[in-house]
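A.B. asks: Dropping in start_12.cif, which is mmCIF, C-alpha atoms:
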data_data
loop_
_atom_site.label_atom_id
_atom_site.label_comp_id
_atom_site.auth_asym_id
_atom_site.auth_seq_id
_atom_site.Cartn_x
_atom_site.Cartn_y
_atom_site.Cartn_z
CA MET A 1 1.98 9.02 -3.63
CA VAL A 2 5.14 9.45 -1.64
CA ALA A 3 8.46 7.89 -2.50
CA LEU A 4 10.54 6.33 0.21
CA THR A 5 13.78 7.99 -0.68
CA ASN A 6 16.95 8.36 1.31
CA CYS A 7 16.63 5.57 3.86
CA GLU A 8 19.14 7.13 6.18
CA VAL A 9 22.31 5.34 7.17
CA SER A 10 25.35 5.93 9.26
CA VAL A 11 27.84 3.53 7.69
CA THR A 12 26.25 0.77 5.65
CA ASN A 13 22.60 0.90 4.69
CA PHE A 14 20.59 -1.70 2.80
CA ALA A 15 16.93 -1.01 2.16
CA VAL A 16 14.04 -2.53 0.32
CA CYS A 17 11.34 -0.02 -0.56
CA TRP A 18 8.32 -1.40 -2.31
CA ASN A 19 5.90 -0.20 -4.92
CA SER A 20 4.81 -3.09 -7.07
CA LEU A 21 1.57 -5.02 -7.30
CA LEU A 22 0.55 -8.61 -7.95
CA PHE A 23 -3.05 -9.80 -8.03
CA THR A 24 -3.96 -13.42 -7.59
CA SER A 25 -7.60 -13.73 -8.62
CA THR A 26 -9.88 -12.56 -11.43
CA PHE A 27 -13.37 -11.19 -11.90
CA SER A 28 -15.54 -9.62 -14.58
CA CYS A 29 -18.09 -6.90 -13.95
CA LYS A 30 -21.75 -6.65 -14.88
CA ASN A 31 -22.97 -3.76 -17.01
CA LEU A 32 -23.32 -1.30 -14.17
CA VAL A 33 -25.00 1.42 -16.22
CA SER A 34 -28.01 -0.84 -16.78
CA TYR A 35 -28.73 -0.71 -13.07
CA THR A 36 -29.23 3.06 -13.10
CA GLN A 37 -32.59 3.04 -14.86
CA SER A 38 -34.85 1.65 -12.11
CA ALA A 39 -37.24 3.87 -10.16
CA ARG A 40 -35.38 3.11 -6.93
CA ASN A 41 -31.73 3.75 -7.59
CA PRO A 42 -29.89 0.64 -6.33
CA HIS A 43 -26.55 2.46 -6.28
CA THR A 44 -27.52 4.34 -3.11
CA PHE A 45 -28.10 1.15 -1.15
CA GLY A 46 -25.71 0.76 1.76
CA LEU A 47 -23.98 4.09 1.15
CA ARG A 48 -23.68 6.57 3.97
CA ASN A 49 -23.36 10.31 4.23
CA SER A 50 -22.86 12.07 7.55
CA SER A 51 -21.43 15.27 8.94
CA GLU A 52 -19.32 13.35 11.43
CA THR A 53 -16.36 11.16 10.49
CA THR A 54 -16.15 7.89 12.40
CA ARG A 55 -13.62 5.06 12.56
CA GLU A 56 -14.62 1.49 11.82
CA THR A 57 -12.43 -1.58 12.14
CA SER A 58 -13.75 -3.80 9.35
CA HIS A 59 -13.93 -3.40 5.57
CA LYS A 60 -17.26 -4.13 3.89
CA PHE A 61 -17.77 -4.92 0.21
CA LEU A 62 -21.53 -5.42 -0.13
CA MET A 63 -21.97 -3.08 -3.10
CA PHE A 64 -18.93 -4.36 -4.97
CA ASN A 65 -20.00 -7.97 -4.54
CA LYS A 66 -23.53 -7.05 -5.65
CA TYR A 67 -22.41 -5.59 -8.97
CA SER A 68 -19.45 -7.79 -9.88
CA ASN A 69 -19.89 -11.19 -11.45
CA LYS A 70 -17.15 -12.88 -9.44
CA ILE A 71 -16.41 -12.73 -5.74
CA ILE A 72 -12.92 -11.61 -4.70
CA SER A 73 -11.77 -12.43 -1.19
CA LYS A 74 -12.07 -9.79 1.48
CA GLU A 75 -8.38 -10.22 2.26
CA TRP A 76 -7.42 -9.40 -1.32
CA LEU A 77 -9.72 -6.41 -1.62
CA THR A 78 -8.48 -5.02 1.69
CA TRP A 79 -4.88 -5.40 0.54
CA PHE A 80 -5.72 -3.66 -2.75
CA ILE A 81 -7.19 -0.70 -0.88
CA GLY A 82 -4.03 -0.36 1.22
CA PHE A 83 -1.85 -0.45 -1.88
CA SER A 84 -4.05 2.03 -3.72
CA GLU A 85 -4.11 4.46 -0.81
CA GLY A 86 -0.34 4.33 -0.67
CA ASP A 87 0.54 4.36 -4.36
CA GLY A 88 -2.55 5.01 -6.46
CA ALA A 89 -3.76 8.28 -7.94
CA LEU A 90 -7.48 9.14 -7.81
CA LEU A 91 -7.54 12.02 -10.29
CA THR A 92 -10.35 14.41 -11.18
CA ASN A 93 -10.11 16.99 -13.96
CA LYS A 94 -13.35 18.88 -14.55
CA ASN A 95 -15.77 16.19 -15.74
CA ASN A 96 -13.22 13.41 -16.11
CA VAL A 97 -11.93 10.92 -13.54
CA ARG A 98 -8.97 8.59 -13.75
CA PHE A 99 -7.21 5.96 -11.65
CA VAL A 100 -3.46 5.53 -12.23
CA LEU A 101 -0.75 3.23 -10.91
CA THR A 102 2.83 3.96 -12.01
CA GLN A 103 5.50 1.27 -11.73
CA LYS A 104 8.86 0.26 -13.15
CA GLU A 105 7.66 -3.34 -13.45
CA GLY A 106 5.41 -3.62 -16.47
CA VAL A 107 4.58 -7.27 -15.78
CA ILE A 108 2.82 -6.28 -12.54
CA LEU A 109 0.56 -3.80 -14.29
CA TYR A 110 -0.32 -6.28 -17.01
CA GLN A 111 -1.29 -8.70 -14.24
CA ILE A 112 -3.58 -6.04 -12.76
CA GLN A 113 -5.17 -5.50 -16.15
CA GLU A 114 -5.74 -9.23 -16.58
CA VAL A 115 -7.22 -9.67 -13.11
CA LEU A 116 -9.59 -6.71 -13.21
CA GLY A 117 -10.49 -7.22 -16.85
CA PHE A 118 -10.36 -3.51 -17.66
CA GLY A 119 -7.95 -0.61 -17.90
CA THR A 120 -4.93 -0.13 -20.14
CA VAL A 121 -1.17 -0.36 -19.64
CA LYS A 122 1.11 2.16 -21.31
CA GLN A 123 4.88 1.95 -21.53
CA PHE A 124 7.14 4.96 -21.18
CA ASN A 125 10.94 5.30 -21.23
CA ASN A 126 11.65 3.60 -17.91
CA PHE A 127 8.27 2.92 -16.37
CA TYR A 128 4.71 1.75 -17.04
CA ARG A 129 1.29 3.12 -16.15
CA TYR A 130 -1.92 1.25 -15.54
CA ILE A 131 -4.84 3.59 -16.29
CA ILE A 132 -8.58 3.30 -15.70
CA ASN A 133 -10.81 6.08 -16.99
CA ASP A 134 -14.02 4.48 -18.30
CA THR A 135 -17.13 5.17 -16.26
CA GLN A 136 -18.23 1.62 -15.48
CA SER A 137 -14.78 0.59 -14.23
CA ILE A 138 -14.48 3.72 -12.08
CA LEU A 139 -17.88 2.87 -10.62
CA LEU A 140 -16.58 -0.55 -9.55
CA LEU A 141 -13.59 1.12 -7.91
CA ILE A 142 -15.94 3.46 -6.05
CA TYR A 143 -17.74 0.42 -4.64
CA ILE A 144 -14.40 -0.99 -3.48
CA PHE A 145 -13.19 2.25 -1.89
CA ASN A 146 -16.36 3.88 -0.53
CA GLY A 147 -16.56 3.41 3.23
CA ASN A 148 -13.34 1.38 3.24
CA LEU A 149 -10.60 4.02 3.11
CA VAL A 150 -8.16 4.84 5.90
CA LEU A 151 -6.57 8.12 4.75
CA PRO A 152 -8.72 11.31 4.88
CA HIS A 153 -7.14 12.85 1.78
CA ARG A 154 -7.95 9.73 -0.24
CA GLN A 155 -11.54 9.99 0.95
CA LYS A 156 -11.67 13.58 -0.29
CA GLN A 157 -10.41 12.46 -3.71
CA LEU A 158 -13.06 9.73 -3.80
CA GLY A 159 -15.70 12.36 -3.05
CA ASN A 160 -14.64 14.25 -6.16
CA TRP A 161 -14.97 11.05 -8.17
CA ILE A 162 -18.51 10.48 -6.90
CA LYS A 163 -19.63 14.00 -7.86
CA VAL A 164 -18.49 13.44 -11.45
CA ILE A 165 -19.99 9.95 -11.72
CA ASN A 166 -23.32 11.13 -10.30
CA LYS A 167 -23.49 13.79 -12.99
CA LYS A 168 -22.45 11.46 -15.81
CA LEU A 169 -24.80 8.59 -14.93
CA ASN A 170 -27.58 10.58 -13.27
CA LEU A 171 -26.98 8.73 -10.01
CA ASP A 172 -27.37 9.75 -6.41
CA LEU A 173 -24.33 8.13 -4.82
CA ASN A 174 -23.29 9.43 -1.43
CA LEU A 175 -19.77 9.53 -0.07
CA ASN A 176 -19.51 7.30 2.98
CA ILE A 177 -17.28 9.37 5.23
CA THR A 178 -16.57 6.50 7.59
CA LEU A 179 -12.83 5.93 7.88
CA ILE A 180 -11.38 2.52 8.64
CA LYS A 181 -8.94 2.21 11.52
CA PRO A 182 -5.73 0.33 10.59
CA SER A 183 -5.52 -3.10 12.17
CA LEU A 184 -3.12 -6.00 12.52
CA LEU A 185 -6.05 -8.32 11.84
CA ASP A 186 -6.43 -7.53 8.14
CA SER A 187 -4.27 -7.00 5.06
CA TRP A 188 -4.61 -3.23 4.59
CA LEU A 189 -1.23 -2.53 6.17
CA SER A 190 0.36 -5.20 3.99
CA GLY A 191 -0.87 -3.41 0.87
CA PHE A 192 0.12 -0.01 2.25
CA THR A 193 3.60 -1.34 2.98
CA ASP A 194 3.89 -2.74 -0.54
CA ALA A 195 3.36 0.84 -1.68
CA GLU A 196 5.10 2.94 0.97
CA GLY A 197 7.14 0.63 3.21
CA CYS A 198 10.84 0.08 3.63
CA PHE A 199 12.72 -2.66 5.45
CA ASN A 200 16.19 -1.48 6.33
CA ILE A 201 19.37 -3.17 7.54
CA LYS A 202 22.19 -1.06 8.96
CA ILE A 203 25.65 -2.38 9.72
CA GLN A 204 27.50 0.03 12.01
CA PRO A 205 30.87 -0.04 13.77
CA ARG A 206 30.65 -0.94 17.45
CA PRO A 207 33.82 -1.13 19.53
CA ASN A 208 34.27 -3.76 22.23
CA THR A 209 32.33 -6.43 20.34
CA ILE A 210 33.57 -9.69 18.83
CA THR A 211 32.94 -8.59 15.26
CA GLY A 212 33.42 -4.87 15.80
CA TYR A 213 30.02 -4.18 14.20
CA ARG A 214 26.36 -3.87 15.14
CA VAL A 215 23.55 -5.16 12.94
CA ALA A 216 20.37 -3.09 13.23
CA LEU A 217 17.03 -3.71 11.52
CA ARG A 218 14.32 -1.12 10.89
CA PHE A 219 10.81 -0.97 9.51
CA LEU A 220 9.81 2.35 7.92
CA LEU A 221 6.63 3.84 6.50
CA ASP A 222 6.44 7.24 4.80
CA GLN A 223 3.28 9.11 3.83
CA LYS A 224 2.39 12.72 3.17
CA ASN A 225 -0.16 14.37 5.49
CA ALA A 226 -0.72 11.12 7.41
CA GLU A 227 0.64 11.76 10.89
CA SER A 228 -2.51 10.51 12.65
CA THR A 229 -2.59 7.27 10.64
CA LEU A 230 1.09 6.57 11.28
CA LEU A 231 0.55 7.19 14.99
CA ILE A 232 -2.20 4.55 14.97
CA ILE A 233 0.19 2.12 13.27
CA ARG A 234 2.86 2.92 15.86
CA ASP A 235 0.40 2.11 18.64
CA LEU A 236 -0.59 -1.15 16.91
CA PHE A 237 2.99 -2.39 17.01
CA GLY A 238 3.63 -0.82 20.40
CA TYR A 239 7.04 0.56 19.41
CA GLY A 240 8.62 3.21 17.24
CA GLN A 241 8.17 6.89 16.59
CA VAL A 242 6.53 9.22 14.07
CA ASN A 243 8.32 12.34 12.91
CA LEU A 244 7.97 14.96 10.21
CA ARG A 245 10.79 14.43 7.75
CA LYS A 246 13.04 17.41 7.26
CA ASN A 247 13.03 19.21 3.92
CA THR A 248 9.76 17.61 2.82
CA ASN A 249 6.30 19.00 2.17
CA GLY A 250 4.40 17.36 5.02
CA VAL A 251 5.87 13.86 4.71
CA TYR A 252 5.74 11.91 7.98
CA ARG A 253 7.74 8.79 8.79
CA TYR A 254 7.02 5.92 11.12
CA SER A 255 10.26 4.25 12.19
CA ASN A 256 10.61 1.10 14.26
CA ASN A 257 14.20 0.07 15.06
CA SER A 258 13.64 -1.83 18.30
CA PHE A 259 14.32 -5.51 17.78
CA LYS A 260 11.69 -6.30 20.40
CA GLY A 261 9.28 -4.05 18.55
CA LEU A 262 10.08 -5.73 15.25
CA LEU A 263 8.80 -9.05 16.57
CA SER A 264 5.20 -7.94 16.01
CA VAL A 265 6.13 -6.45 12.62
CA HIS A 266 7.71 -9.74 11.60
CA ASP A 267 4.71 -11.77 12.75
CA TYR A 268 2.22 -9.49 10.97
CA PHE A 269 3.86 -9.88 7.57
CA LEU A 270 4.06 -13.63 7.98
CA THR A 271 0.31 -13.62 8.63
CA PHE A 272 -0.51 -11.18 5.83
CA PRO A 273 2.21 -11.69 3.21
CA LEU A 274 3.15 -8.99 0.77
CA LYS A 275 1.61 -9.59 -2.64
CA THR A 276 4.20 -7.83 -4.77
CA LYS A 277 7.36 -9.15 -6.30
CA LYS A 278 9.17 -7.61 -3.34
CA VAL A 279 8.08 -10.44 -1.09
CA LYS A 280 11.46 -11.91 -2.04
CA SER A 281 13.16 -8.93 -0.44
CA PHE A 282 11.13 -9.36 2.73
CA ASN A 283 12.21 -12.98 2.80
CA TYR A 284 15.86 -11.86 2.72
CA TRP A 285 15.14 -9.44 5.56
CA ASP A 286 13.42 -12.26 7.43
CA ILE A 287 16.57 -14.40 7.15
CA VAL A 288 18.62 -11.63 8.75
CA PHE A 289 15.93 -11.14 11.40
CA THR A 290 16.13 -14.82 12.32
CA MET A 291 19.94 -14.76 12.36
CA VAL A 292 19.92 -11.83 14.77
CA LEU A 293 17.31 -13.58 16.90
CA ASN A 294 19.64 -16.60 17.07
CA LYS A 295 22.65 -14.32 17.77
CA GLU A 296 24.44 -15.47 14.62
CA HIS A 297 25.39 -11.85 13.90
CA LEU A 298 27.76 -11.92 16.87
CA VAL A 299 30.31 -14.06 15.02
CA LEU A 300 32.30 -13.08 11.95
CA GLU A 301 30.89 -15.87 9.79
CA GLY A 302 27.34 -14.77 10.52
CA LEU A 303 28.16 -11.11 9.94
CA GLU A 304 29.61 -11.83 6.51
CA LYS A 305 26.52 -13.82 5.57
CA ILE A 306 24.37 -10.88 6.62
CA ARG A 307 26.45 -8.54 4.44
CA ALA A 308 25.89 -10.80 1.44
CA ILE A 309 22.13 -11.01 2.04
CA ALA A 310 21.90 -7.26 2.54
CA LYS A 311 23.48 -6.69 -0.87
CA LEU A 312 20.70 -8.74 -2.44
CA ILE A 313 18.12 -6.58 -0.69
CA ASN A 314 19.83 -3.41 -1.87
CA LEU A 315 20.01 -4.66 -5.46
CA ASN A 316 16.36 -5.60 -5.53
CA ASN A 317 15.45 -2.20 -4.14
CA SER A 318 17.35 -0.39 -6.89
CA LEU A 319 15.27 -2.19 -9.51
CA THR A 320 11.90 -1.33 -8.00
CA ASP A 321 12.04 2.18 -6.55
CA LYS A 322 9.36 4.68 -7.45
CA THR A 323 9.44 6.44 -10.77
CA GLY A 324 7.27 8.64 -12.92
CA SER A 325 4.10 10.45 -11.87
CA ALA A 326 0.38 9.95 -12.27
CA LYS A 327 0.02 12.74 -14.80
CA PRO A 328 0.01 12.09 -18.55
#
Let's see the structure in the file written out as structure tokens.

C.D. replies:
Amino acid sequence: MVALTNCEVSVTNFAVCWNSLLFTSTFSCKNLVSYTQSARNPHTFGLRNSSETTRETSHKFLMFNKYSNKIISKEWLTWFIGFSEGDGALLTNKNNVRFVLTQKEGVILYQIQEVLGFGTVKQFNNFYRYIINDTQSILLLIYIFNGNLVLPHRQKQLGNWIKVINKKLNLDLNLNITLIKPSLLDSWLSGFTDAEGCFNIKIQPRPNTITGYRVALRFLLDQKNAESTLLIIRDLFGYGQVNLRKNTNGVYRYSNNSFKGLLSVHDYFLTFPLKTKKVKSFNYWDIVFTMVLNKEHLVLEGLEKIRAIAKLINLNNSLTDKTGSAKP
């Protein structure tokens, strides 16, 4: 997990950085352990192991749908993977595995618990953790993630999970080393942005203009050890740049501050809306985007309205920034 800290500014900077989660459908799982006793192990069906990593463009959930009692939409599952890759922790400690989400907003984690039907929520001083560590629930998560991940380091963590689960349940699961290529045609990037994205508004002095100021909008994504993935995202939108952030341990940033380039960003998030509470913040950003598109920022009245909206974005961001860690 990487926090989007220090959204840089020159004069006035308003940012919304997101790391909350809201699920909208429910399911209950079958007793997965009961399926391990047959002569032909059904858990190996559809799983893939190869010495060569490939890139696919579509998520597949055959195994998850096979062993869960209720069907969850592909759009939702794809979004969940994006969020988990950005903000989740796939932990392995000797013979134990654990999945952790850490948030300031306890209500979001309780919603996750209700939707999935398993896991526990624990409250700490100023944050909450949603924790999954029972074998059957981890097995369901493996079926969601296996063959559907984008980030190589998340795939490596999943491989460690599979080794432990194979030993515990006497299974023969294989890690599917296929990596999914990010796309503007599914909701993975929406989930990833909920975890690691930042929409930023900068108001800077600009001489020789009616208002004396320039309104600039940016879309940012930060992730550790993910330069190649961020470059793919840059190419999807057709604008922006990817740079290693100074004074960080391998954290790369994708930054898009071209208004023309933000058109495709804007359209994507209207097509695949954010599922966290921070969708309200995006809506504020969208208002400013539309005002700039209509050139309302070029008059004093419009500029003052933008300042007021930006303060709401900044306030919402301060209530939802990252906190805590995945460790007990």

A.B. asks: Have a look at A:Ile132, A:Leu140, A:Leu109, A:Ala195 and name the one nearest to Ser84 in chain A; count only C-alpha atoms.

C.D. replies: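 So, comparing all the options, the nearest one is A:Ala195.
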
A.B. asks: Run the PyMOL selection byres ((chain A and resi 241-250) around 12) on the file and write out the hits as JSON, numbers by chain.

C.D. replies: {"A": [2, 3, 4, 5, 6, 7, 8, 218, 219, 220, 221, 222, 223, 224, 225, 226, 227, 228, 229, 230, 231, 232, 233, 234, 235, 236, 237, 238, 239, 240, 251, 252, 253, 254, 255, 256, 257, 258, 261]}

A.B. asks: Would you work out the distance separating CA of Thr276 in chain A from CA of Asp194 in chain A, expressed in Å to one decimal?

C.D. replies: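 Between CA of Thr276 in chain A and CA of Asp194 in chain A the gap is 6.6 Å.
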
A.B. asks: In Å, rounded to a single decimal, give me how far CA of Ser68 in chain A is from CA of Lys156 in chain A.

C.D. replies: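 CA of Lys156 in chain A sits 24.7 Å away from CA of Ser68 in chain A.
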
A.B. asks: May I ask for the distance between CA of Trp76 in chain A and CA of Ser187 in chain A, given in Å to one decimal place?

C.D. replies: 7.5 Å

A.B. asks: Using all atoms listed in the file, which residue out of A:Leu149, A:Leu169, A:Leu315, A:Leu184 lies closest to Leu270 in chain A?

C.D. replies: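 Closest residue, counting all atoms listed in the file: A:Leu184.
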
A.B. asks: Using all atoms listed in the file, pick whichever of A:Thr290, A:Ser137, A:Asn65, A:Asn146 has the shortest atom-to-atom distance to Asn174 in chain A.

C.D. replies: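 Closest residue, counting all atoms listed in the file: A:Asn146.
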
A.B. asks: Extract, using all atoms listed in the file, all DNA, RNA and protein residues at most 9 Å from Val100 in chain A, discarding same-chain residues fewer than 6 positions from it, and format them as a list of chain:residue names.

C.D. replies: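 Counting all atoms listed in the file, the residues come to A:Asp87, A:Gly88, A:Ala89, A:Leu90, A:Leu91, A:Arg129, A:Tyr130, A:Ile131, A:Ile132, A:Asn133, A:Ala326, A:Lys327.
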
A.B. asks: Find the residue from A:Gln111, A:Gln103, A:Thr92, A:Asn148 that sits nearest to His59 in chain A; use all atoms listed in the file when measuring.

C.D. replies: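 For His59 in chain A, the nearest of the candidates is A:Asn148.
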
A.B. asks: With distances taken over only C-alpha atoms, which residue among A:Leu189, A:Leu171, A:Val164, A:Ile180 lies nearest Tyr268 in chain A?

C.D. replies: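 With only C-alpha atoms as the atom set, the closest residue is A:Leu189.
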
A.B. asks: Using only C-alpha atoms for the distances, tell me which of A:Asn316, A:Asn294, A:Asn93, A:Gln155 is nearest to Lys280 in chain A.

C.D. replies: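 Of A:Asn316, A:Asn294, A:Asn93, A:Gln155, the one nearest Lys280 in chain A, counting only C-alpha atoms, is A:Asn316.
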
A.B. asks: Mind telling me what the PyMOL selection byres ((chain A and resi 215) around 9) catches here, as a PyMOL selection string?

C.D. replies: chain A and resi 201-205+213-214+216-217+292+297-298+303+306

A.B. asks: Could you work out an axis-aligned bounding box for all listed atoms of range 75-82 of chain A, with 5 Å added on each of the six sides, and give its centre and edge lengths in Å to one decimal, as AutoDock Vina command-line options?

C.D. replies:
--center_x -6.9 --center_y -5.3 --center_z -0.2 --size_x 15.7 --size_y 19.9 --size_z 15.0

A.B. asks: Mind telling me what the PyMOL selection byres ((chain A and resi 168) around 12) catches here, as a VMD selection string?

C.D. replies: chain A and resid 33 36 94 to 97 134 to 136 138 to 139 161 to 167 169 to 173

A.B. asks: Could you pull the residues within 10 Å of Trp285 in chain A, counting only C-alpha atoms, minus those fewer than 4 positions along the same chain, as number ranges by chain?

C.D. replies: A: 14-16, 199-201, 217-218, 266, 279-281, 289-291, 306, 309-310, 312-313

A.B. asks: Write a file for range 192-221 of chain A, containing N, CA and C atoms (output as a PDB file, in the first residue's frame).

C.D. replies:
ATOM      1  N   PHE A 192      -8.627   0.840  -8.399  1.00  0.00           N
ATOM      2  CA  PHE A 192      -7.245   1.221  -8.096  1.00  0.00           C
ATOM      3  C   PHE A 192      -7.164   2.698  -7.729  1.00  0.00           C
ATOM      4  N   THR A 193      -7.970   3.515  -8.391  1.00  0.00           N
ATOM      5  CA  THR A 193      -7.994   4.942  -8.083  1.00  0.00           C
ATOM      6  C   THR A 193      -8.637   5.195  -6.728  1.00  0.00           C
ATOM      7  N   ASP A 194      -9.671   4.442  -6.390  1.00  0.00           N
ATOM      8  CA  ASP A 194     -10.251   4.550  -5.056  1.00  0.00           C
ATOM      9  C   ASP A 194      -9.190   4.330  -3.984  1.00  0.00           C
ATOM     10  N   ALA A 195      -8.230   3.470  -4.281  1.00  0.00           N
ATOM     11  CA  ALA A 195      -7.185   3.163  -3.313  1.00  0.00           C
ATOM     12  C   ALA A 195      -6.005   4.129  -3.401  1.00  0.00           C
ATOM     13  N   GLU A 196      -5.569   4.464  -4.615  1.00  0.00           N
ATOM     14  CA  GLU A 196      -4.292   5.155  -4.787  1.00  0.00           C
ATOM     15  C   GLU A 196      -4.371   6.439  -5.615  1.00  0.00           C
ATOM     16  N   GLY A 197      -5.573   6.907  -5.931  1.00  0.00           N
ATOM     17  CA  GLY A 197      -5.709   8.051  -6.811  1.00  0.00           C
ATOM     18  C   GLY A 197      -5.892   9.366  -6.089  1.00  0.00           C
ATOM     19  N   CYS A 198      -5.613  10.432  -6.816  1.00  0.00           N
ATOM     20  CA  CYS A 198      -5.771  11.772  -6.257  1.00  0.00           C
ATOM     21  C   CYS A 198      -6.196  12.730  -7.361  1.00  0.00           C
ATOM     22  N   PHE A 199      -7.307  13.407  -7.148  1.00  0.00           N
ATOM     23  CA  PHE A 199      -7.735  14.477  -8.046  1.00  0.00           C
ATOM     24  C   PHE A 199      -7.364  15.804  -7.398  1.00  0.00           C
ATOM     25  N   ASN A 200      -6.682  16.636  -8.154  1.00  0.00           N
ATOM     26  CA  ASN A 200      -6.036  17.810  -7.587  1.00  0.00           C
ATOM     27  C   ASN A 200      -6.434  19.074  -8.340  1.00  0.00           C
ATOM     28  N   ILE A 201      -6.730  20.121  -7.595  1.00  0.00           N
ATOM     29  CA  ILE A 201      -7.029  21.433  -8.183  1.00  0.00           C
ATOM     30  C   ILE A 201      -6.012  22.434  -7.661  1.00  0.00           C
ATOM     31  N   LYS A 202      -5.349  23.113  -8.576  1.00  0.00           N
ATOM     32  CA  LYS A 202      -4.362  24.130  -8.204  1.00  0.00           C
ATOM     33  C   LYS A 202      -4.822  25.492  -8.716  1.00  0.00           C
ATOM     34  N   ILE A 203      -4.776  26.471  -7.840  1.00  0.00           N
ATOM     35  CA  ILE A 203      -5.098  27.839  -8.223  1.00  0.00           C
ATOM     36  C   ILE A 203      -3.816  28.657  -8.087  1.00  0.00           C
ATOM     37  N   GLN A 204      -3.298  29.135  -9.219  1.00  0.00           N
ATOM     38  CA  GLN A 204      -1.994  29.788  -9.254  1.00  0.00           C
ATOM     39  C   GLN A 204      -2.115  31.207  -9.814  1.00  0.00           C
ATOM     40  N   PRO A 205      -1.276  32.114  -9.339  1.00  0.00           N
ATOM     41  CA  PRO A 205      -1.268  33.461  -9.925  1.00  0.00           C
ATOM     42  C   PRO A 205      -0.873  33.417 -11.400  1.00  0.00           C
ATOM     43  N   ARG A 206      -1.540  34.207 -12.204  1.00  0.00           N
ATOM     44  CA  ARG A 206      -1.164  34.335 -13.614  1.00  0.00           C
ATOM     45  C   ARG A 206      -1.416  35.775 -14.044  1.00  0.00           C
ATOM     46  N   PRO A 207      -0.345  36.516 -14.239  1.00  0.00           N
ATOM     47  CA  PRO A 207      -0.483  37.916 -14.682  1.00  0.00           C
ATOM     48  C   PRO A 207      -1.148  38.004 -16.059  1.00  0.00           C
ATOM     49  N   ASN A 208      -1.645  39.186 -16.349  1.00  0.00           N
ATOM     50  CA  ASN A 208      -2.232  39.468 -17.667  1.00  0.00           C
ATOM     51  C   ASN A 208      -3.473  38.627 -17.964  1.00  0.00           C
ATOM     52  N   THR A 209      -4.199  38.231 -16.904  1.00  0.00           N
ATOM     53  CA  THR A 209      -5.488  37.576 -17.092  1.00  0.00           C
ATOM     54  C   THR A 209      -6.554  38.388 -16.359  1.00  0.00           C
ATOM     55  N   ILE A 210      -7.800  38.148 -16.702  1.00  0.00           N
ATOM     56  CA  ILE A 210      -8.899  38.912 -16.098  1.00  0.00           C
ATOM     57  C   ILE A 210      -8.938  38.729 -14.594  1.00  0.00           C
ATOM     58  N   THR A 211      -8.794  37.501 -14.145  1.00  0.00           N
ATOM     59  CA  THR A 211      -8.870  37.222 -12.705  1.00  0.00           C
ATOM     60  C   THR A 211      -7.518  37.321 -12.012  1.00  0.00           C
ATOM     61  N   GLY A 212      -6.449  37.211 -12.789  1.00  0.00           N
ATOM     62  CA  GLY A 212      -5.113  37.201 -12.198  1.00  0.00           C
ATOM     63  C   GLY A 212      -4.694  35.823 -11.703  1.00  0.00           C
ATOM     64  N   TYR A 213      -5.509  34.796 -12.003  1.00  0.00           N
ATOM     65  CA  TYR A 213      -5.200  33.442 -11.535  1.00  0.00           C
ATOM     66  C   TYR A 213      -5.462  32.420 -12.647  1.00  0.00           C
ATOM     67  N   ARG A 214      -4.800  31.287 -12.500  1.00  0.00           N
ATOM     68  CA  ARG A 214      -4.993  30.148 -13.394  1.00  0.00           C
ATOM     69  C   ARG A 214      -5.525  28.977 -12.573  1.00  0.00           C
ATOM     70  N   VAL A 215      -6.549  28.311 -13.090  1.00  0.00           N
ATOM     71  CA  VAL A 215      -7.088  27.113 -12.456  1.00  0.00           C
ATOM     72  C   VAL A 215      -6.579  25.901 -13.238  1.00  0.00           C
ATOM     73  N   ALA A 216      -5.869  25.021 -12.534  1.00  0.00           N
ATOM     74  CA  ALA A 216      -5.324  23.815 -13.166  1.00  0.00           C
ATOM     75  C   ALA A 216      -5.859  22.586 -12.462  1.00  0.00           C
ATOM     76  N   LEU A 217      -6.217  21.562 -13.227  1.00  0.00           N
ATOM     77  CA  LEU A 217      -6.702  20.300 -12.685  1.00  0.00           C
ATOM     78  C   LEU A 217      -5.704  19.199 -13.008  1.00  0.00           C
ATOM     79  N   ARG A 218      -5.537  18.264 -12.066  1.00  0.00           N
ATOM     80  CA  ARG A 218      -4.640  17.131 -12.284  1.00  0.00           C
ATOM     81  C   ARG A 218      -5.297  15.836 -11.816  1.00  0.00           C
ATOM     82  N   PHE A 219      -4.862  14.755 -12.436  1.00  0.00           N
ATOM     83  CA  PHE A 219      -5.204  13.413 -11.981  1.00  0.00           C
ATOM     84  C   PHE A 219      -3.895  12.695 -11.675  1.00  0.00           C
ATOM     85  N   LEU A 220      -3.780  12.132 -10.465  1.00  0.00           N
ATOM     86  CA  LEU A 220      -2.545  11.506 -10.015  1.00  0.00           C
ATOM     87  C   LEU A 220      -2.795  10.078  -9.562  1.00  0.00           C
ATOM     88  N   LEU A 221      -1.808   9.228  -9.808  1.00  0.00           N
ATOM     89  CA  LEU A 221      -1.791   7.869  -9.272  1.00  0.00           C
ATOM     90  C   LEU A 221      -0.394   7.568  -8.758  1.00  0.00           C
TER      91      LEU A 221
END
